[in-house]
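Heads up, the thing below is written out as structure tokens.
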Amino acid sequence: MTTPAQRRRAVLVRSAVCTLLAVGATFVLDSYANYQLATIAAIFCATAGLTLLVGLTGQLSLGHAVLMAAGGYGYALTAAPLADAGVEGVLRILGGLLGALVLAGAVGGLLGLAGARLRGPYLAGLTLALVIALPAISTQVPALGGAQGVGVPFEGVPDALGGVVSIEQWHAWMAVLAAALAVTPLALVRSGRSGLRMRAVHDDETAARLAGISPARVKTGAFVAVALAAGLGGGVLAVVTQNVSPGAYDLAFSLLLLVAVVVGGLGSIGGAAVGAVLVVLLPWLIDTGVAAVGLPSELEQRLSGNVAVLVFGALLIAVTVVWPGGLSHALGDRIRSLTTRFRPSRTVPQQLTER
Amino acid sequence: MRTPTITRAPARTFVAATGAGALLLSLAACGGADEAVPGVSEDTITIGTHQPLTGPAAAGYSSISAATSAYFDYVNANGGVHGRQIEYIVKDDAYNPANTQTVVRELVQQDDVFAVVNGLGTPTHSSVLDFLNQNEVPDLFVSSGSTAWNDPEEYPYTFGYNADYHVEGSALGQYAADEHAGKSVCVLGQDDDYGETFLEGVQIALGEDGVTTYETYETSNQDVTAQIGAMQSAGCEVVMLATVNGFTALAVGTAAQMGFMPTWMAASAGGDYPTLVEFLGEDVAAQVLQGFTSVNYLPFSPDGEWVELFTEINDEYNGSAAFDGNTVFGMGVGYAFVEALEAAGEDPTRESLVEALESGEVVGNGIVPLAYSAENHSGYDAVGITMVDGGVQDFVGSTYRLEGESVTAIEPEQLPLDGNGIPAAE
Amino acid sequence: MDRIAFLLATGLARGLVIALFALSLVIIWRAARIVNFAQAAMAVVAVFVAFAVTALTDSFWLGLVAALVAGAVVGYAVERWLIRLVPARTPLPGMIVAIGLVMVLQAGIGIAFGPQHRPMAAPFSEQPFTVGGVPVLSPYDLFVLLVALGVVGGLALLFNGTTLGLQMRASAMAPEVSRLLGVRVPRMVTLGWMLSAAVASLAVLLLVPTELGLNAHSGDVLFVHAFTVAVLGGLDSPVGALVGGIVVGVLISLVTGFLGAGLAPIAVLALLTLVLLVRPGGIFAVKEARTA
């Protein structure tokens, strides 16, 4: 049996180790791989939240891309005036990220209020309409810059690190740190009392109410927490890509986030990480593979892009039908059985496989 | 894909612990070819582009890069440029800026391209403009009529190619003033930078209040009945379209159904007759597009010598794909790039390529010479008016140049086809 | 005034197609308690079959029959070979599998047929009649109107007036009890899927001639609007779908005509938010949906 304090410590240790490993990895990765790592970390911020939202509270959000976009716009709209005011470096980044948190939190709060009132398909419908309306919103609100979006001030390597790390590496560090800051609280929530409340609300709202839990408050709270994490991811992605535009946060991206959390395993933070890796690397691997085969150009054109979508769709179906727990559970079971075989004396807490 | 070398094995074991890291690491080992000039080897020169090959925008544009590739194949078959074969890497971004950012980094950091050529789309290319210039990658012939590419101070490595929407809008506006004086002019534009910039162009020629109504459409809604109805009731006699081909077809088709028959004038991005025929069908197109006016700056005349050559290349290297305005555009881009590469010298560097362009030596094969200089990175600054007559779209002769805020009629100076259509080194 | 009449007529014509598609979502909700996100993609597959038939036989009507049949077949296949495998304790896995199916079908169509739009001709003139100088509905719009009303009438009859319809509703609401009463529940669910997919195919088939043409994404926007409508009207209410469809169609048309195309998606979002805030189960929700 583990006490809450032990669980909390385990979460903190685990995230510290993961962060260090990821930062260490940036030293051996080349610049493009570091960019991919940064993207993965930013997306991880969003998927970690989405997996809790869908897996624990049972709220299906199809508009998660909008929360990331809100973070990106929040960053851009704060960092640009700061740049004009002559603020530079880490201070500007922190200011921008604060802006990202504020805007994403506000959007998340509104969605949470709606989510507290609406059941599954209705919430899905509302978030779907929101993500579809994003391009129109960005055109109508002049500050958002329409289809081209808004530029984000370039953040170079700080002088103290000049020559030691490359720009892509620095950006990857930022993204990894942001992911740590976004995901660790979510992991704490998940393993703590709030997580318990979320599961209770999901399993049986009436029973939860009887136990003195307010489903509305739990659902809204979950949405806000998750929105803050996604906003941080969107903000840091804005720094890395130097641009926020509505086209990058479309319905397809929202659905990809969903693919990530389902394939990884709903409710599992480790699964969300696996999912984030998958949505970034798989299309790239497939396109590289397709290109390497050397097909006629017209066929290659038809395959390019489509094959990745096909594979993602098939994965989504296969995982839901065959391993409802997702890859992390399927792999987790295997790891657990291995561990028990080699170390029969030790019991393994379940969370270990659900990093 | 290059096979990963295993020079970093100890590091690999370290990262393998993180699981996902292992995948990334095999990547790490792929990069890092030590070449003096990225993308230039003894016998090849590697360049890349981002294009919408899938997704909704693919329908209108995926044929461009195929045409450019075919032209490069033709050049390669004729010995390449300074003895080097051109390798053109086309990456699909599905017209999504997030994908553009990824594939362009891949081109620059993984594939070590010498230059990015003809990246397509305003929102997509805007998202990599800073990246390309900070990394000092020549960013040539952006495939978009936005005015954003001409900013040599901020973006010294970026060069436009298309006549921008100001040039096209002002030319059509001036043509309307010259040929349809006193008629009420309206504009239907895409609800973004394209529509707005084009409208500004029209207003350069006609004045601030020269446009009766300005209607917009969203690409996500393929129903333009309400907008057409508004223009019909406003009594529009000339309707200018800042639309993509599909929406040109929708607008013209819907208006015909409503019995609204104004004079249509479309920007080049939405004025390609063969493409419109595909959307509308042969019979309908012949009926509703008689007298359809547009602009162009490339030698697309169906009976011209350039089209004859490009058709041959298309048949031999592009599997006789449907020949349309995109084919001429794609090959025109290829021609201009080969010209730039010739001018960049025996051993081209990124700097010599940019210098070659800024020297003004690269003129392209359009109806007027390209006029790049150190201060001017915009593409074609003049366009010719075209019209559809009896199912054939061709120049009518009127040509307009935009200089600053004034539109002037000029004489076209079409570059004649010389020899095999491959620019020769000076 | 002319302007409003014109915009109302335009909105009505477009709204009817949306309503028809929304109806198909209501059918499947009534029969299987699932929101089928793959509805549009399935319908597009059926319309590709119809397109091939029309191209071969030169007859729109044979194409229409083909669309209905193909739609039903696709519905059957998806239900029998896919949805049955999905754990049905909560609605979530069903929705997720449907989203996966969209990706598979759209990518598959993209690979098989490429990205281009294939134009389809309407069987009737799209030239509108003019009443007092204002262009209103075209013969084609009237045809769509009749089809939509016919489908609504037929469904009302089916669900409220026939044993089969009653059995279908019963199987969805209370599968165990229905089985006890001798209803062959799985067969009813399959029938619901077939019917729903056929109606959806009909809606997409009617839509395509008014748009650019057929490609993998032809049904996307229609689905989003129809889903909004179904949610607006209440997923359980055919009348809600019809009224909601017309309301959304007219709203889009009026906003586009008076305020600009850019505001239309925002107006739809605002309408949806407003309705859901006031009535979380949709306008025509009879009672709170049961908690799963």
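Chains: A, B, ... in order of the structure tokens. Residues: from 1 per chain. Ligands: from 1, in order shown.
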Residues at most 12 Å from Ala9 of chain C, counting only C-alpha atoms, excluding those fewer than 5 positions away in the same chain, as a list of chain:residue names?
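Near Ala9 of chain C, the qualifying residues are B:Thr225, B:Ala226, B:Gly229, C:Asp2, C:Arg3, C:Ile4, C:Arg14, C:Gly15, C:Leu16, C:Pro128, C:Phe129, C:Thr130, C:Val131, C:Val134, C:Pro135, C:Val136, C:Leu137, C:Ser138, C:Asp141, C:Leu142, C:Leu145, C:Ile246, C:Val247, C:Gly249, C:Val250, C:Leu251, C:Ile252, C:Ser253, C:Leu254.
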Give me, as a list in words, the residues of chain A touching chain B, with the criterion being at most 6 Å (counting only C-alpha atoms).
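The answer, sorted by residue number, is Leu29, Asp30, Tyr32, Ala33, Ala147, Gln148, Asn243, Gly247, Ala248, Ala292 and Gln301 of chain A.
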How would the residues just chosen look if you wrote them out with C-alpha atoms as an mmCIF file, in the first residue's frame?
```
data_model
loop_
_atom_site.group_PDB
_atom_site.id
_atom_site.type_symbol
_atom_site.label_atom_id
_atom_site.label_comp_id
_atom_site.auth_asym_id
_atom_site.auth_seq_id
_atom_site.Cartn_x
_atom_site.Cartn_y
_atom_site.Cartn_z
ATOM 1 C CA LEU A 29 20.159 14.823 -31.108
ATOM 2 C CA ASP A 30 20.764 16.868 -34.234
ATOM 3 C CA TYR A 32 15.919 18.598 -36.682
ATOM 4 C CA ALA A 33 15.507 15.862 -34.079
ATOM 5 C CA ALA A 147 -5.105 33.144 -41.888
ATOM 6 C CA GLN A 148 -1.433 34.170 -41.729
ATOM 7 C CA ASN A 243 4.279 31.770 -35.551
ATOM 8 C CA GLY A 247 -4.524 26.610 -40.004
ATOM 9 C CA ALA A 248 -2.108 24.798 -37.707
ATOM 10 C CA ALA A 292 12.299 5.855 -50.228
ATOM 11 C CA GLN A 301 1.467 12.239 -54.427
#
```
Write down, as a list in words, each residue of chain A that has any atom within 6 Å of an atom of chain C, counting only C-alpha atoms.
Leu118, Ala129, Ala133, Ala136, Arg302, Leu303, Asn306, Val309, Leu310, Gly313, Leu316, Ile317 and Val321 of chain A
Restricting it to N, CA and C atoms, dump the selection as a CSV table (one decimal), in the first residue's frame.
```csv
chain,number,residue,atom,x,y,z
A,118,LEU,N,-23.3,19.8,-20.2
A,118,LEU,CA,-23.6,19.1,-21.3
A,118,LEU,C,-23.1,17.6,-21.2
A,129,ALA,N,-17.9,22.6,-33.2
A,129,ALA,CA,-18.2,23.9,-33.8
A,129,ALA,C,-17.2,24.9,-33.5
A,133,ALA,N,-14.9,27.0,-36.1
A,133,ALA,CA,-15.1,28.5,-36.2
A,133,ALA,C,-13.7,29.2,-36.0
A,136,ALA,N,-12.5,31.5,-38.7
A,136,ALA,CA,-13.3,32.7,-38.9
A,136,ALA,C,-13.1,33.7,-37.7
A,302,ARG,N,-0.4,10.8,-54.2
A,302,ARG,CA,-1.7,10.3,-53.6
A,302,ARG,C,-1.4,9.7,-52.3
A,303,LEU,N,-0.3,9.0,-52.2
A,303,LEU,CA,0.0,8.3,-50.9
A,303,LEU,C,0.4,9.2,-49.9
A,306,ASN,N,-1.8,10.9,-47.1
A,306,ASN,CA,-3.0,10.0,-46.9
A,306,ASN,C,-2.6,8.7,-46.1
A,309,VAL,N,-2.6,9.3,-42.4
A,309,VAL,CA,-4.0,9.4,-41.9
A,309,VAL,C,-4.6,8.0,-41.8
A,310,LEU,N,-4.4,7.2,-42.9
A,310,LEU,CA,-5.0,5.9,-42.9
A,310,LEU,C,-4.5,5.1,-41.7
A,313,GLY,N,-6.0,6.3,-38.5
A,313,GLY,CA,-7.4,5.8,-38.3
A,313,GLY,C,-7.4,4.4,-38.0
A,316,LEU,N,-6.5,3.8,-34.4
A,316,LEU,CA,-7.5,4.2,-33.5
A,316,LEU,C,-8.6,3.1,-33.4
A,317,ILE,N,-8.9,2.6,-34.5
A,317,ILE,CA,-9.9,1.5,-34.5
A,317,ILE,C,-9.4,0.3,-33.8
A,321,VAL,N,-10.7,-1.4,-30.3
A,321,VAL,CA,-11.4,-2.8,-30.4
A,321,VAL,C,-10.5,-3.8,-29.7
```
I need the chain B residues near chain C as JSON, numbers by chain; criterion: at most 10 Å, counting only C-alpha atoms.
{"B": [53, 54, 55, 56, 57, 58, 59, 60, 62, 190, 191, 192, 214, 215, 216, 217, 218, 219, 220, 221, 222, 223, 224, 225, 226, 227, 228, 229, 230, 231, 233, 246, 247, 249, 250, 253, 254, 255, 256, 257, 258, 259, 278, 279, 280, 281]}
Atom-to-atom span, atom CA of Pro156 of chain B and atom CA of Asp112 of chain B, Å
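Going from atom CA of Pro156 of chain B over to atom CA of Asp112 of chain B, I get 19.7 Å.
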Please measure the separation of atom CA of Leu255 of chain A and atom CA of Ala65 of chain A, giving the value in Å to one decimal.
8.6 Å
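Running DSSP on the backbone and keeping only strand (DSSP E), the residues of segment 114-347 of chain A that qualify are A:Val150, A:Gly151, A:Asn243, A:Val244.
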How about saving the chosen residues, C-alpha atoms kept, as a PDB file, in the first residue's frame?
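Result file is out_34.pdb:
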```pdb
ATOM      1  CA  VAL A 150       0.751  36.389 -35.908  1.00  0.00           C
ATOM      2  CA  GLY A 151       4.502  36.284 -35.697  1.00  0.00           C
ATOM      3  CA  ASN A 243       4.279  31.770 -35.551  1.00  0.00           C
ATOM      4  CA  VAL A 244       0.688  31.053 -34.521  1.00  0.00           C
TER       5      VAL A 244
END
```
Excluding segment 323-331 of chain B and any residue of its chain fewer than 5 positions from it, enumerate the residues within 8 Å of it, using only C-alpha atoms, and give them as a PDB file with C-alpha atoms, in the first residue's frame.
```pdb
ATOM      1  CA  TYR B  61      -2.200  23.108 -56.863  1.00  0.00           C
ATOM      2  CA  SER B  63       0.132  19.735 -60.416  1.00  0.00           C
ATOM      3  CA  ILE B  64       2.550  22.669 -60.057  1.00  0.00           C
ATOM      4  CA  SER B  65       5.432  20.812 -58.450  1.00  0.00           C
ATOM      5  CA  ALA B  66       4.946  17.898 -60.840  1.00  0.00           C
ATOM      6  CA  ALA B  67       5.471  20.329 -63.736  1.00  0.00           C
ATOM      7  CA  THR B  68       8.537  21.860 -62.104  1.00  0.00           C
ATOM      8  CA  ALA B  70       9.345  17.493 -65.124  1.00  0.00           C
ATOM      9  CA  TYR B  71      11.197  20.600 -66.293  1.00  0.00           C
ATOM     10  CA  ASP B 272      -7.126  29.459 -65.448  1.00  0.00           C
ATOM     11  CA  TYR B 273      -9.536  28.388 -68.189  1.00  0.00           C
ATOM     12  CA  PRO B 274      -8.561  24.675 -68.482  1.00  0.00           C
ATOM     13  CA  THR B 275      -8.950  24.288 -64.706  1.00  0.00           C
ATOM     14  CA  LEU B 298       3.732  33.818 -68.313  1.00  0.00           C
ATOM     15  CA  PRO B 299       3.777  32.658 -71.947  1.00  0.00           C
ATOM     16  CA  PHE B 300       0.693  30.467 -71.784  1.00  0.00           C
ATOM     17  CA  VAL B 307       3.568  26.024 -74.743  1.00  0.00           C
ATOM     18  CA  PHE B 310       6.307  22.682 -72.374  1.00  0.00           C
ATOM     19  CA  THR B 311       3.767  20.269 -73.867  1.00  0.00           C
ATOM     20  CA  ASN B 314       4.977  17.395 -70.120  1.00  0.00           C
TER      21      ASN B 314
END
```
Using only C-alpha atoms, which protein or nucleic acid residues come within 6 Å of segment 200-203 of chain C? Drop anything in the same chain fewer than 2 positions from it, and give the result as a list in words.
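Counting only C-alpha atoms, the residues come to Val17, Leu20, Phe21, Ser24, Ala43, Ala67, Gly71, Ala197, Ala198, Leu205 and Leu206 of chain C.
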Filtered DSSP result for segment 165-319 of chain B, state alpha helix (DSSP H), as a PyMOL selection string:
chain B and resi 165-179+193-206+225-233+245-257+273-280+282-288+305-317
I'd like the contact shell of Ala70 of chain C - 8 Å cut-off, only C-alpha atoms, skipping same-chain residues fewer than 4 positions apart - returned as a list in words.
Ala46, Val47, Val49, Ala50, Ala66, Val74 and Ala198 of chain C
So that I have them on file, write out the residues from the current selection with C-alpha atoms, as a PDB file, in the first residue's frame.
```pdb
ATOM      1  CA  ALA C  46     -21.811   5.564 -51.356  1.00  0.00           C
ATOM      2  CA  VAL C  47     -21.954   8.682 -53.531  1.00  0.00           C
ATOM      3  CA  VAL C  49     -20.654   4.416 -56.222  1.00  0.00           C
ATOM      4  CA  ALA C  50     -23.580   6.541 -57.399  1.00  0.00           C
ATOM      5  CA  ALA C  66     -27.295   3.193 -56.305  1.00  0.00           C
ATOM      6  CA  VAL C  74     -21.951   0.509 -46.175  1.00  0.00           C
ATOM      7  CA  ALA C 198     -28.853   5.491 -46.856  1.00  0.00           C
TER       8      ALA C 198
END
```
Determine, counting only C-alpha atoms, which protein, DNA and RNA residues have an atom within 10 Å of an atom of Ala211 of chain A; residues of the same chain fewer than 6 positions away are not included. Present the result as a list in words.
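Non-adjacent residues within range: Arg197, Ala200 and Glu205 of chain A.
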Please, could you write that set of residues out with C-alpha atoms as an mmCIF file, in the first residue's frame?
```
data_model
loop_
_atom_site.group_PDB
_atom_site.id
_atom_site.type_symbol
_atom_site.label_atom_id
_atom_site.label_comp_id
_atom_site.auth_asym_id
_atom_site.auth_seq_id
_atom_site.Cartn_x
_atom_site.Cartn_y
_atom_site.Cartn_z
ATOM 1 C CA ARG A 197 -13.339 12.682 -7.541
ATOM 2 C CA ALA A 200 -16.316 9.079 -9.163
ATOM 3 C CA GLU A 205 -22.767 11.168 -11.191
#
```
Which residues are near Met194 of chain C? Cut-off 6 Å, only C-alpha atoms, ignore same chain within fewer than 5 positions. Put them as a VMD selection string.
chain C and resid 72 75 to 76
May I have the selected residues written with C-alpha atoms, as a compact mmCIF listing (two decimals), in the first residue's frame?
```
# COMPACT_ATOMS: atom_id res chain seq x y z
CA ALA C 72 -27.37 0.80 -46.86
CA GLY C 75 -24.13 0.96 -43.08
CA TYR C 76 -24.59 -2.80 -42.84
```
